[in-house]
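The structure file input-v3.tsv is reproduced below (TSV, C-alpha atoms).
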chain	number	residue	atom	x	y	z
A	13	MET	CA	5.53	7.56	25.96
A	14	GLY	CA	5.31	6.96	22.21
A	15	VAL	CA	4.48	3.92	20.10
A	16	GLU	CA	6.91	1.04	20.44
A	17	LEU	CA	7.88	-1.10	17.43
A	18	THR	CA	9.94	-4.27	17.80
A	19	VAL	CA	11.45	-6.25	14.93
A	20	SER	CA	10.55	-9.93	15.25
A	21	PRO	CA	13.37	-12.48	15.66
A	22	GLN	CA	12.29	-14.26	12.46
A	23	HIS	CA	12.58	-11.06	10.45
A	24	LYS	CA	15.99	-10.37	11.96
A	25	LYS	CA	17.20	-13.79	10.81
A	26	VAL	CA	15.90	-13.24	7.27
A	27	ARG	CA	17.48	-9.78	7.21
A	28	ASP	CA	20.86	-11.16	8.33
A	29	ARG	CA	20.84	-13.92	5.70
A	30	VAL	CA	19.85	-11.60	2.87
A	31	LYS	CA	22.47	-9.06	3.90
A	32	ARG	CA	25.15	-11.75	4.11
A	33	PHE	CA	24.53	-13.01	0.58
A	34	THR	CA	23.45	-9.83	-1.24
A	35	ARG	CA	24.77	-6.96	0.93
A	36	PHE	CA	21.28	-5.47	0.76
A	37	ASP	CA	19.92	-4.51	4.16
A	38	LEU	CA	16.20	-5.22	4.40
A	39	LEU	CA	15.81	-2.89	7.38
A	40	PRO	CA	15.89	0.91	7.13
A	41	SER	CA	18.49	3.09	8.81
A	42	ASP	CA	18.02	3.91	12.48
A	43	ALA	CA	17.02	7.47	11.54
A	44	VAL	CA	14.27	6.29	9.19
A	45	ALA	CA	13.06	3.65	11.67
A	46	GLU	CA	12.85	6.31	14.38
A	47	ALA	CA	10.98	8.68	12.05
A	48	PHE	CA	8.55	5.89	11.14
A	49	THR	CA	7.97	5.13	14.83
A	50	ARG	CA	7.39	8.81	15.67
A	51	GLY	CA	5.11	9.12	12.67
A	52	HIS	CA	2.57	6.85	14.35
A	53	SER	CA	1.85	9.68	16.79
A	54	GLU	CA	1.82	12.49	14.24
A	55	GLY	CA	-1.13	13.79	12.24
A	56	ASP	CA	-1.95	16.75	9.97
A	57	PRO	CA	-2.06	19.87	12.21
A	58	VAL	CA	-3.07	22.37	9.51
A	59	ALA	CA	-6.05	20.35	8.30
A	60	GLU	CA	-6.91	19.35	11.87
A	61	ARG	CA	-7.33	22.99	12.90
A	62	PHE	CA	-9.69	23.57	9.97
A	63	VAL	CA	-11.81	20.50	10.71
A	64	ALA	CA	-11.99	21.26	14.45
A	65	GLU	CA	-13.15	24.82	13.75
A	66	THR	CA	-15.68	23.95	11.04
A	67	TYR	CA	-16.88	20.35	10.67
A	68	HIS	CA	-16.57	19.66	14.40
A	69	GLY	CA	-17.15	23.24	15.53
A	70	GLU	CA	-19.96	25.78	15.57
A	71	ILE	CA	-20.31	25.88	11.79
A	72	GLY	CA	-21.20	22.20	11.60
A	73	GLY	CA	-20.67	19.56	8.93
A	74	GLU	CA	-23.25	20.70	6.39
A	75	LYS	CA	-22.15	24.34	6.26
A	76	ALA	CA	-18.48	23.37	6.37
A	77	ARG	CA	-18.93	21.06	3.39
A	78	ALA	CA	-20.70	23.84	1.46
A	79	LEU	CA	-17.93	26.28	2.34
A	80	LEU	CA	-15.26	23.85	1.16
A	81	ASP	CA	-17.13	23.21	-2.09
A	82	GLU	CA	-17.41	26.95	-2.72
A	83	ALA	CA	-13.71	27.54	-2.11
A	84	LEU	CA	-12.82	24.71	-4.47
A	85	ARG	CA	-15.17	26.11	-7.10
A	86	VAL	CA	-14.29	29.83	-7.05
A	87	GLY	CA	-10.95	29.90	-5.20
A	88	ILE	CA	-10.24	30.61	-1.55
A	89	ALA	CA	-9.51	34.28	-2.29
A	90	ASN	CA	-13.12	34.70	-3.43
A	91	VAL	CA	-14.67	33.32	-0.23
A	92	PRO	CA	-14.80	36.27	2.20
A	93	ASP	CA	-16.33	34.15	4.99
A	94	ALA	CA	-13.53	31.58	4.94
A	95	PRO	CA	-11.96	31.23	8.41
A	96	GLU	CA	-8.23	31.69	8.81
A	97	SER	CA	-7.74	27.96	9.39
A	98	MET	CA	-9.27	27.30	5.97
A	99	ARG	CA	-6.99	29.85	4.30
A	100	ALA	CA	-3.98	28.20	5.93
A	101	LEU	CA	-5.14	24.80	4.65
A	102	PHE	CA	-5.51	26.06	1.08
A	103	ALA	CA	-2.17	27.87	1.25
A	104	GLU	CA	-0.41	24.63	2.19
A	105	PHE	CA	-2.40	22.56	-0.29
A	106	GLU	CA	-1.66	24.91	-3.20
A	107	THR	CA	2.06	25.26	-2.45
A	108	ILE	CA	4.21	23.60	-5.09
A	109	PRO	CA	7.11	21.83	-3.33
A	110	ASP	CA	10.57	22.83	-4.50
A	111	TRP	CA	11.44	19.17	-5.15
A	112	LEU	CA	8.59	18.64	-7.64
A	113	ASP	CA	9.53	17.62	-11.20
A	114	PRO	CA	6.52	17.94	-13.58
A	115	ASP	CA	8.04	15.48	-16.06
A	116	LEU	CA	8.46	12.82	-13.38
A	117	ILE	CA	4.90	13.47	-12.20
A	118	GLU	CA	3.55	12.75	-15.68
A	119	GLN	CA	5.77	9.68	-16.10
A	120	GLY	CA	4.53	8.33	-12.78
A	121	ALA	CA	0.89	9.01	-13.71
A	122	ALA	CA	1.48	7.14	-16.97
A	123	VAL	CA	2.66	4.11	-14.98
A	124	TRP	CA	-0.63	4.16	-13.06
A	125	ARG	CA	-2.55	4.41	-16.33
A	126	ARG	CA	-0.79	1.32	-17.67
A	127	TRP	CA	-1.48	-0.64	-14.49
A	128	GLY	CA	-5.14	0.41	-14.55
A	129	TYR	CA	-7.56	-1.92	-12.77
A	130	SER	CA	-4.63	-4.01	-11.51
A	131	LEU	CA	-3.35	-1.08	-9.45
A	132	GLY	CA	-6.57	-0.90	-7.45
A	133	ALA	CA	-6.85	-4.66	-7.05
A	134	VAL	CA	-3.23	-5.09	-5.92
A	135	GLY	CA	-3.47	-2.09	-3.61
A	136	ASN	CA	-6.62	-3.47	-2.05
A	137	ALA	CA	-5.17	-6.96	-1.57
A	138	GLY	CA	-2.08	-5.45	0.05
A	139	THR	CA	-4.23	-3.27	2.28
A	140	MET	CA	-6.26	-6.25	3.43
A	141	ASP	CA	-3.00	-7.94	4.36
A	142	THR	CA	-2.38	-5.12	6.86
A	143	TYR	CA	-5.62	-5.73	8.77
A	144	THR	CA	-3.69	-7.87	11.22
A	145	GLU	CA	-2.94	-4.51	12.87
A	146	ALA	CA	-5.45	-2.84	15.19
A	147	SER	CA	-4.01	0.59	14.36
A	148	LEU	CA	-5.31	0.12	10.81
A	149	ALA	CA	-8.35	-2.07	11.46
A	150	VAL	CA	-9.98	-0.06	14.26
A	151	PRO	CA	-10.44	3.21	12.28
A	152	LEU	CA	-11.86	1.33	9.30
A	153	SER	CA	-14.21	-0.73	11.44
A	154	LEU	CA	-15.43	2.26	13.45
A	155	SER	CA	-15.95	4.44	10.39
A	156	GLY	CA	-17.58	1.57	8.51
A	157	GLY	CA	-15.46	2.31	5.45
A	158	TYR	CA	-14.52	-1.25	4.54
A	159	ALA	CA	-16.91	-3.08	6.82
A	160	GLY	CA	-19.96	-5.02	5.71
A	161	ALA	CA	-22.19	-3.82	2.90
A	162	SER	CA	-20.39	-0.47	2.52
A	163	ALA	CA	-17.06	-2.11	1.63
A	164	LEU	CA	-17.55	-2.08	-2.13
A	165	HIS	CA	-18.81	1.49	-2.21
A	166	ARG	CA	-15.83	2.70	-0.18
A	167	TYR	CA	-13.53	0.91	-2.63
A	168	LEU	CA	-15.31	2.65	-5.49
A	169	GLU	CA	-14.72	6.00	-3.78
A	170	THR	CA	-11.03	5.24	-3.56
A	171	SER	CA	-11.03	4.05	-7.17
A	172	ARG	CA	-12.52	7.39	-8.23
A	173	TRP	CA	-9.57	9.18	-6.65
A	174	TRP	CA	-7.10	6.85	-8.39
A	175	LEU	CA	-8.84	7.42	-11.73
A	176	GLU	CA	-8.82	11.20	-11.37
A	177	VAL	CA	-5.26	11.77	-10.17
A	178	CYS	CA	-3.64	9.73	-12.94
A	179	ARG	CA	-5.34	11.66	-15.77
A	180	PRO	CA	-2.67	13.46	-17.85
A	181	GLY	CA	-1.70	16.69	-16.12
A	182	ALA	CA	-4.55	16.45	-13.62
A	183	VAL	CA	-2.75	16.77	-10.30
A	184	LEU	CA	-0.90	19.91	-11.39
A	185	THR	CA	-3.91	21.65	-12.96
A	186	PRO	CA	-5.54	24.22	-10.63
A	187	GLY	CA	-9.24	23.52	-10.14
A	188	SER	CA	-9.03	19.96	-11.48
A	189	THR	CA	-11.28	17.23	-10.13
A	190	ALA	CA	-8.14	15.37	-9.09
A	191	ARG	CA	-7.09	18.17	-6.78
A	192	GLU	CA	-10.65	18.71	-5.50
A	193	VAL	CA	-11.04	15.05	-4.58
A	194	SER	CA	-7.55	14.96	-3.00
A	195	LEU	CA	-8.39	17.83	-0.64
A	196	LYS	CA	-11.71	16.22	0.28
A	197	VAL	CA	-9.91	12.95	1.02
A	198	ARG	CA	-7.50	14.86	3.26
A	199	VAL	CA	-10.33	16.52	5.18
A	200	MET	CA	-12.22	13.24	5.49
A	201	HIS	CA	-9.15	11.50	6.94
A	202	VAL	CA	-8.69	14.27	9.50
A	203	SER	CA	-12.33	14.12	10.54
A	204	VAL	CA	-12.21	10.34	10.98
A	205	ARG	CA	-8.91	10.67	12.88
A	206	ALA	CA	-10.47	13.03	15.42
A	207	ARG	CA	-13.58	10.89	15.95
A	208	VAL	CA	-11.65	7.63	16.27
A	209	ALA	CA	-9.02	9.14	18.60
A	210	ALA	CA	-11.81	10.11	21.00
A	211	HIS	CA	-13.47	6.68	20.87
A	212	PRO	CA	-13.03	4.27	23.82
A	213	GLU	CA	-11.91	1.47	21.49
A	214	TRP	CA	-8.84	3.45	20.41
A	215	ARG	CA	-5.61	2.84	22.39
A	216	SER	CA	-3.48	5.94	21.89
A	217	ASP	CA	-0.83	4.56	24.27
A	218	VAL	CA	-0.33	1.59	21.95
A	219	HIS	CA	-1.17	2.95	18.51
A	220	GLY	CA	-0.56	6.69	18.64
A	221	LEU	CA	-2.92	8.52	16.27
A	222	PRO	CA	-5.43	6.95	13.87
A	223	ILE	CA	-4.55	7.40	10.18
A	224	SER	CA	-1.12	8.58	11.27
A	225	GLN	CA	1.70	9.93	9.14
A	226	SER	CA	3.37	6.51	9.09
A	227	GLU	CA	0.19	4.73	8.00
A	228	MET	CA	-0.41	7.27	5.24
A	229	MET	CA	3.16	6.63	4.14
A	230	LEU	CA	2.36	2.94	3.79
A	231	THR	CA	-0.49	3.75	1.40
A	232	LEU	CA	1.94	5.71	-0.79
A	233	LEU	CA	4.23	2.70	-0.93
A	234	GLY	CA	1.17	0.59	-1.77
A	235	GLY	CA	0.73	2.78	-4.85
A	236	SER	CA	4.35	2.76	-5.96
A	237	VAL	CA	7.00	0.27	-4.83
A	238	GLY	CA	4.52	-2.47	-3.88
A	239	PRO	CA	2.69	-2.82	-7.20
A	240	ALA	CA	5.79	-1.96	-9.25
A	241	LEU	CA	7.47	-5.11	-7.94
A	242	GLY	CA	4.40	-7.30	-7.42
A	243	LEU	CA	2.89	-6.75	-10.85
A	244	TYR	CA	5.94	-8.28	-12.53
A	245	ALA	CA	4.21	-11.59	-11.76
A	246	LEU	CA	1.33	-10.52	-14.01
A	247	GLY	CA	3.48	-9.35	-16.92
A	248	PHE	CA	3.77	-5.62	-16.11
A	249	LEU	CA	7.46	-4.89	-16.72
A	250	THR	CA	8.01	-1.62	-14.89
A	251	SER	CA	11.56	-0.33	-15.39
A	252	PRO	CA	13.72	1.08	-12.59
A	253	ALA	CA	13.31	4.58	-14.07
A	254	GLU	CA	9.52	4.15	-14.10
A	255	MET	CA	9.60	2.94	-10.52
A	256	ARG	CA	11.45	6.10	-9.51
A	257	ALA	CA	8.90	8.17	-11.44
A	258	VAL	CA	5.92	6.53	-9.75
A	259	LEU	CA	7.62	7.06	-6.38
A	260	HIS	CA	7.89	10.78	-7.23
A	261	PHE	CA	4.25	10.84	-8.36
A	262	ASN	CA	3.11	9.27	-5.09
A	263	ARG	CA	5.25	11.70	-3.15
A	264	TYR	CA	3.24	14.57	-4.60
A	265	LEU	CA	-0.03	12.72	-3.98
A	266	GLY	CA	1.11	12.44	-0.37
A	267	HIS	CA	1.65	16.21	-0.26
A	268	LEU	CA	-1.91	16.75	-1.52
A	269	VAL	CA	-3.55	14.47	1.05
A	270	GLY	CA	-1.59	15.72	4.05
A	271	CYS	CA	1.23	13.21	4.33
A	272	ARG	CA	4.63	14.68	5.15
A	273	VAL	CA	6.93	13.36	2.48
A	274	ASP	CA	10.33	14.63	3.54
A	275	ASP	CA	11.84	12.94	6.60
A	276	MET	CA	11.20	9.28	5.83
A	277	TYR	CA	9.81	9.21	2.30
A	278	PRO	CA	11.87	6.72	0.23
A	279	ALA	CA	14.49	8.25	-2.04
A	280	THR	CA	14.93	4.95	-3.90
A	281	VAL	CA	13.00	1.77	-4.60
A	282	GLY	CA	15.32	0.00	-2.16
A	283	ASP	CA	14.34	2.46	0.56
A	284	GLY	CA	10.69	1.69	-0.16
A	285	VAL	CA	11.32	-2.05	0.15
A	286	ARG	CA	13.02	-1.44	3.51
A	287	LEU	CA	10.06	0.48	4.89
A	288	LEU	CA	7.61	-2.20	3.73
A	289	TYR	CA	9.79	-4.87	5.32
A	290	TYR	CA	10.06	-2.85	8.53
A	291	PHE	CA	6.28	-2.62	8.74
A	292	ASP	CA	5.97	-6.37	8.29
A	293	ALA	CA	8.78	-7.04	10.78
A	294	THR	CA	7.12	-4.95	13.50
A	295	ARG	CA	3.53	-6.20	13.20
A	296	LYS	CA	1.65	-6.61	16.46
A	297	HIS	CA	-1.09	-8.92	15.11
A	298	ASP	CA	-3.53	-7.33	17.55
A	299	SER	CA	-6.62	-6.62	15.44
A	300	GLY	CA	-8.55	-9.56	16.90
A	301	GLU	CA	-12.00	-10.03	15.39
A	302	LEU	CA	-11.81	-6.77	13.43
A	303	GLY	CA	-9.35	-8.20	10.91
A	304	PRO	CA	-11.72	-10.96	9.76
A	305	GLU	CA	-14.63	-8.50	9.78
A	306	LEU	CA	-12.87	-6.29	7.26
A	307	VAL	CA	-11.13	-8.91	5.12
A	308	GLU	CA	-14.06	-11.30	4.91
A	309	GLY	CA	-16.46	-8.44	4.19
A	310	PHE	CA	-14.68	-7.06	1.14
A	311	VAL	CA	-14.45	-9.77	-1.51
A	312	PRO	CA	-17.98	-11.07	-0.80
A	313	SER	CA	-19.26	-7.52	-1.38
A	314	PHE	CA	-18.68	-8.28	-5.08
A	315	GLU	CA	-21.28	-11.07	-4.93
A	316	PRO	CA	-24.14	-10.44	-7.39
A	317	ALA	CA	-27.53	-9.75	-5.86
A	318	ALA	CA	-30.14	-12.49	-6.22
A	319	SER	CA	-32.01	-10.32	-8.73
A	320	VAL	CA	-29.01	-10.07	-11.09
A	321	ARG	CA	-29.32	-12.44	-14.04
A	322	GLY	CA	-27.72	-13.28	-17.36
A	323	PHE	CA	-24.61	-11.51	-18.60
A	324	GLN	CA	-24.56	-9.05	-15.73
A	325	ARG	CA	-24.42	-11.92	-13.26
A	326	VAL	CA	-21.54	-13.52	-15.15
A	327	ARG	CA	-19.75	-10.18	-15.25
A	328	THR	CA	-20.20	-9.68	-11.52
A	329	LEU	CA	-18.99	-13.19	-10.71
A	330	PHE	CA	-15.95	-12.64	-12.91
A	331	HIS	CA	-14.87	-9.64	-10.85
A	332	LEU	CA	-15.62	-11.48	-7.61
A	333	HIS	CA	-13.23	-14.28	-8.60
A	334	LEU	CA	-10.72	-11.80	-10.01
A	335	GLN	CA	-10.57	-9.84	-6.75
A	336	ALA	CA	-10.24	-13.11	-4.84
A	337	GLY	CA	-7.41	-14.07	-7.18
A	338	TYR	CA	-5.53	-10.89	-6.35
A	339	THR	CA	-5.82	-11.68	-2.64
A	340	ARG	CA	-4.36	-15.13	-3.25
A	341	LEU	CA	-1.40	-13.63	-5.10
A	342	PHE	CA	-0.76	-10.47	-3.07
A	343	MET	CA	-1.72	-11.29	0.51
A	344	LEU	CA	0.94	-13.08	2.51
A	345	PRO	CA	-0.15	-16.76	2.59
A	346	TRP	CA	0.25	-17.08	6.36
A	347	ASN	CA	-2.03	-14.07	6.82
A	348	ARG	CA	-4.56	-15.03	4.16
A	349	ARG	CA	-5.17	-18.49	5.57
A	350	ASN	CA	-6.53	-16.89	8.75
A	351	TYR	CA	-9.59	-15.64	6.84
A	352	ARG	CA	-12.54	-17.25	5.11
A	353	LEU	CA	-12.21	-16.12	1.49
A	354	PRO	CA	-13.23	-17.49	-1.91
A	355	SER	CA	-10.48	-19.74	-3.28
A	356	GLY	CA	-9.34	-17.18	-5.84
A	357	LEU	CA	-8.04	-19.96	-8.11
A	358	PRO	CA	-10.23	-19.09	-11.14
A	359	GLY	CA	-9.16	-15.45	-10.97
A	360	LEU	CA	-5.53	-16.39	-10.45
A	361	ALA	CA	-5.65	-18.75	-13.45
A	362	PHE	CA	-7.03	-15.95	-15.62
A	363	MET	CA	-4.30	-13.53	-14.51
A	364	VAL	CA	-1.52	-16.05	-15.08
A	365	ALA	CA	-2.90	-16.94	-18.52
A	366	ARG	CA	-2.92	-13.33	-19.72
A	367	ALA	CA	0.47	-12.43	-18.19
A	368	PRO	CA	2.49	-13.41	-21.33
A	369	LEU	CA	0.29	-11.18	-23.49
A	370	ILE	CA	0.75	-8.24	-21.12
A	371	ALA	CA	4.52	-8.87	-21.10
A	372	VAL	CA	4.65	-8.79	-24.91
A	373	VAL	CA	2.77	-5.48	-24.98
A	374	GLU	CA	5.08	-4.13	-22.25
A	375	LEU	CA	8.13	-5.02	-24.35
A	376	LEU	CA	6.64	-3.54	-27.53
A	377	ARG	CA	5.73	-0.24	-25.90
A	378	ARG	CA	9.41	0.42	-25.18
A	379	VAL	CA	10.20	0.59	-28.89
A	380	VAL	CA	6.84	1.71	-30.35
A	381	PRO	CA	5.42	4.83	-28.65
A	382	SER	CA	1.97	4.29	-30.16
A	383	VAL	CA	1.76	0.93	-28.35
A	384	ASP	CA	2.52	2.70	-25.08
A	385	ARG	CA	-0.26	5.22	-25.68
A	386	ALA	CA	-2.68	2.49	-26.73
A	387	GLU	CA	-1.89	0.39	-23.64
A	388	GLN	CA	-2.64	3.35	-21.38
A	389	ALA	CA	-5.86	4.21	-23.24
A	390	VAL	CA	-7.19	0.63	-23.21
A	391	ALA	CA	-6.34	0.09	-19.53
A	392	MET	CA	-7.97	3.36	-18.46
A	393	ARG	CA	-11.07	2.85	-20.59
A	394	SER	CA	-11.56	-0.61	-19.11
A	395	TRP	CA	-11.02	0.67	-15.57
A	396	ARG	CA	-13.44	3.60	-16.01
A	397	ARG	CA	-16.05	1.34	-17.57
A	398	TRP	CA	-15.83	-1.05	-14.63
A	399	HIS	CA	-16.11	1.84	-12.17
A	400	ALA	CA	-19.09	3.41	-13.94
A	401	TRP	CA	-20.86	0.06	-14.12
A	402	HIS	CA	-20.46	-0.56	-10.39
A	403	ILE	CA	-21.09	2.95	-9.13
A	404	GLY	CA	-24.38	3.29	-11.02
A	405	ARG	CA	-26.42	6.19	-9.71
A	406	ARG	CA	-24.51	6.45	-6.45
A	407	GLU	CA	-22.06	9.26	-5.85
A	408	GLU	CA	-18.70	9.29	-4.13
A	409	ALA	CA	-19.29	11.46	-1.08
A	410	PHE	CA	-15.89	11.67	0.68
A	411	ASP	CA	-18.03	12.77	3.62
A	412	ALA	CA	-16.07	14.34	6.47
A	413	SER	CA	-19.18	14.89	8.57
A	414	LYS	CA	-20.22	11.25	8.82
A	415	ALA	CA	-20.45	9.85	12.36
A	416	LEU	CA	-18.81	6.61	13.43
A	417	ARG	CA	-21.04	3.56	13.13
A	418	ARG	CA	-20.65	2.59	16.79

Please express what this file holds, its structure, as structure tokens.
Amino acid sequence: MGVELTVSPQHKKVRDRVKRFTRFDLLPSDAVAEAFTRGHSEGDPVAERFVAETYHGEIGGEKARALLDEALRVGIANVPDAPESMRALFAEFETIPDWLDPDLIEQGAAVWRRWGYSLGAVGNAGTMDTYTEASLAVPLSLSGGYAGASALHRYLETSRWWLEVCRPGAVLTPGSTAREVSLKVRVMHVSVRARVAAHPEWRSDVHGLPISQSEMMLTLLGGSVGPALGLYALGFLTSPAEMRAVLHFNRYLGHLVGCRVDDMYPATVGDGVRLLYYFDATRKHDSGELGPELVEGFVPSFEPAASVRGFQRVRTLFHLHLQAGYTRLFMLPWNRRNYRLPSGLPGLAFMVARAPLIAVVELLRRVVPSVDRAEQAVAMRSWRRWHAWHIGRREEAFDASKALRR
């Protein structure tokens, strides 16, 4: 018996009213809904075979990590000891899908570069809004990714991936850091999936597989349709053509990290909205105490340490209030009020105040190409500077051999 998803009566009423007045159906087709439901019980078989044979097999995590690093450095063809499962993984990873359009990939990456820091902050606020669901909260709590003191560092790891993949041409360049990090993220997800699936806290009869195909799909929507629409409130005027481009870009990112992007991946922005609405309409609200653990642990992780003084303390507090502001704007109010979070009003006031300036720049870039290039450069420089300041001497590990914390 697979996962069961039921649309709430309230969402059905909203859907019926919207459809009556606009003819737009907020719910996906039956075929897409069925694929999304099945996707909760589907993983990444090719990468799973590799991880089971190496990281979780006789080779062990340390040697498997070294083997993966070597293959990424010199190419899988130059690693004679690579097991067949590893060769199959690289063959799938390096395959260029027949639907890929390099121009759309670059246009979508450019959208990410313009969004910059806001992309990460919106994506994180939207992700926290999903922690009402045990299927998402349990893996994160068990792995410790966004729980407690490690929350900020895990966010910085994710930010590193965002920064790398949106560099011009990066995701299509063999041997690039963007591709290296993407494959390591894929392997890490598979390793966590296997460990969580075997844990007594995981309910496979209710939730299917941890980090399932459907949940990975949601993250792709959180990097495309979600921010494209939500960031209008902050002055980012993303055109319909740019939305389609960033959807295409995220489709290829999904291919790199092991998400199947054929059966249910949105063909249009409207399709993306329908999937997001379907997720919200079928929430189980069953995360219990894990939801507050994750949500209430993230924003406070930006708090400055007692030893931080002067400008650095002001800078740290600014980002604390800014992140809280994003949660106020991009978490559903009826979900957010269930958690103890900083008010977010100072950060929200700052974002609202600068929105007209961003909108002016967004309008100018459509007629002056140099403004477009400058907007991307400034946004990326600011985002990288913030990341470098926070990461300090630490390194992003993307560690697939790490044990669960309980």

For segment 131-140 of chain A, work out the shell of residues within 9 Å, counting only C-alpha atoms and skipping chain neighbours fewer than 6 positions away, then give it as a list in words.
->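 So the residues in contact are Trp124, Arg125, Tyr167, Thr170, Ser171, Trp174, Thr231, Gly234, Gly235, Gly238, Pro239, Gly242, Leu243, Gly303, Leu306, Val307, Phe310, Leu334, Gln335, Ala336, Tyr338, Thr339, Arg340, Leu341, Phe342, Met343, Leu344 and Arg348 of chain A.
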
Nearest to Pro21 of chain A, restricted to only C-alpha atoms and choosing among A:Gly220, A:Arg385, A:Tyr129, A:Thr294, comes out as A:Thr294

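The space separating atom CA of Arg166 of chain A from atom CA of Leu148 of chain A comes to 15.4 Å.
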
Just give me the gap between atom CA of Val364 of chain A and atom CA of Trp127 of chain A in Å, one decimal is fine.
->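 One can read the atom CA of Val364 of chain A to atom CA of Trp127 of chain A distance as 15.4 Å.
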
Measure the distance from atom CA of Lys75 of chain A to atom CA of Arg61 of chain A in Å and round it to one decimal.
->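 These two atoms are separated by 16.3 Å.
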
Within 7 Å of segment 312-328 of chain A, counting only C-alpha atoms, which residues show up once you throw out same-chain ones fewer than 2 positions away? Write them as JSON, numbers by chain, please.
-> {"A": [161, 163, 164, 308, 309, 310, 330, 331, 332]}

Mind writing the picked residues with C-alpha atoms as a CSV table (one decimal), in the coordinates of the input?
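Result saved to result-v7.csv:
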chain,number,residue,atom,x,y,z
A,161,ALA,CA,-22.2,-3.8,2.9
A,163,ALA,CA,-17.1,-2.1,1.6
A,164,LEU,CA,-17.6,-2.1,-2.1
A,308,GLU,CA,-14.1,-11.3,4.9
A,309,GLY,CA,-16.5,-8.4,4.2
A,310,PHE,CA,-14.7,-7.1,1.1
A,330,PHE,CA,-16.0,-12.6,-12.9
A,331,HIS,CA,-14.9,-9.6,-10.8
A,332,LEU,CA,-15.6,-11.5,-7.6

How close does each residue of segment 75-143 of chain A get to segment 269-278 of chain A, giving the shortest atom pair and distance in Å to one decimal for every residue with an atom at most 12 Å away, counting only C-alpha atoms, sorted by chain and residue number, as a Markdown table?
| residue | atom | partner | partner_atom | distance |
| --- | --- | --- | --- | --- |
| A:Leu101 | CA | A:Gly270 | CA | 9.8 |
| A:Phe102 | CA | A:Gly270 | CA | 11.5 |
| A:Glu104 | CA | A:Gly270 | CA | 9.2 |
| A:Phe105 | CA | A:Gly270 | CA | 8.1 |
| A:Glu106 | CA | A:Val269 | CA | 11.4 |
| A:Pro109 | CA | A:Val273 | CA | 10.3 |
| A:Asp110 | CA | A:Asp274 | CA | 11.5 |
| A:Trp111 | CA | A:Asp274 | CA | 9.9 |
| A:Leu112 | CA | A:Val273 | CA | 11.5 |

Can you pull out every residue within 12 Å of segment 83-86 of chain A, counting only C-alpha atoms, but drop anything in the same chain fewer than 2 positions away, and send it as JSON, numbers by chain?
-> {"A": [76, 77, 78, 79, 80, 81, 88, 89, 90, 91, 92, 93, 94, 95, 98, 99, 101, 102, 105, 106, 186, 187, 188, 189, 190, 191, 192, 193, 194, 195, 196]}

To test the calculation: enclose all listed atoms of segment 34-50 of chain A in a box whose edges run along x, y and z, add 6 Å on each side, then state centre and edge lengths in Å to one decimal, as JSON.
{"center_x": 16.1, "center_y": -0.5, "center_z": 7.2, "size_x": 29.4, "size_y": 30.6, "size_z": 28.9}

Considering all atoms listed in the file, return as number ranges by chain whatever protein or nucleic-acid residues lie within 6 Å of segment 386-395 of chain A, sequence-local ones (same chain, fewer than 2 positions apart) excluded.
-> A: 125-126, 128-129, 383-384, 397-398

Name the closest residue to Glu60 of chain A among the candidates A:Ile117, A:Ala206, A:Val197, A:Val26; distances are taken between atoms, counting only C-alpha atoms.
->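 Using only C-alpha atoms, Glu60 of chain A sits closest to A:Ala206.
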
Restricting the calculation to all atoms listed in the file, which member of A:Met255, A:Val19, A:Leu329, A:Leu246 is positioned closest to Ala361 of chain A?
-> A:Leu246

Using only C-alpha atoms, list the residues that have an atom at most 10 Å from (10.8, 3.3, 8.9), coordinates as in the file, as a PDB file with C-alpha atoms, keeping the file's coordinate frame.
ATOM      1  CA  LEU A  39      15.810  -2.890   7.380  1.00  0.00           C
ATOM      2  CA  PRO A  40      15.890   0.910   7.130  1.00  0.00           C
ATOM      3  CA  SER A  41      18.490   3.090   8.810  1.00  0.00           C
ATOM      4  CA  ASP A  42      18.020   3.910  12.480  1.00  0.00           C
ATOM      5  CA  ALA A  43      17.020   7.470  11.540  1.00  0.00           C
ATOM      6  CA  VAL A  44      14.270   6.290   9.190  1.00  0.00           C
ATOM      7  CA  ALA A  45      13.060   3.650  11.670  1.00  0.00           C
ATOM      8  CA  GLU A  46      12.850   6.310  14.380  1.00  0.00           C
ATOM      9  CA  ALA A  47      10.980   8.680  12.050  1.00  0.00           C
ATOM     10  CA  PHE A  48       8.550   5.890  11.140  1.00  0.00           C
ATOM     11  CA  THR A  49       7.970   5.130  14.830  1.00  0.00           C
ATOM     12  CA  ARG A  50       7.390   8.810  15.670  1.00  0.00           C
ATOM     13  CA  GLY A  51       5.110   9.120  12.670  1.00  0.00           C
ATOM     14  CA  SER A 226       3.370   6.510   9.090  1.00  0.00           C
ATOM     15  CA  MET A 229       3.160   6.630   4.140  1.00  0.00           C
ATOM     16  CA  LEU A 230       2.360   2.940   3.790  1.00  0.00           C
ATOM     17  CA  ASP A 275      11.840  12.940   6.600  1.00  0.00           C
ATOM     18  CA  MET A 276      11.200   9.280   5.830  1.00  0.00           C
ATOM     19  CA  TYR A 277       9.810   9.210   2.300  1.00  0.00           C
ATOM     20  CA  PRO A 278      11.870   6.720   0.230  1.00  0.00           C
ATOM     21  CA  ASP A 283      14.340   2.460   0.560  1.00  0.00           C
ATOM     22  CA  GLY A 284      10.690   1.690  -0.160  1.00  0.00           C
ATOM     23  CA  ARG A 286      13.020  -1.440   3.510  1.00  0.00           C
ATOM     24  CA  LEU A 287      10.060   0.480   4.890  1.00  0.00           C
ATOM     25  CA  LEU A 288       7.610  -2.200   3.730  1.00  0.00           C
ATOM     26  CA  TYR A 289       9.790  -4.870   5.320  1.00  0.00           C
ATOM     27  CA  TYR A 290      10.060  -2.850   8.530  1.00  0.00           C
ATOM     28  CA  PHE A 291       6.280  -2.620   8.740  1.00  0.00           C
TER      29      PHE A 291
END
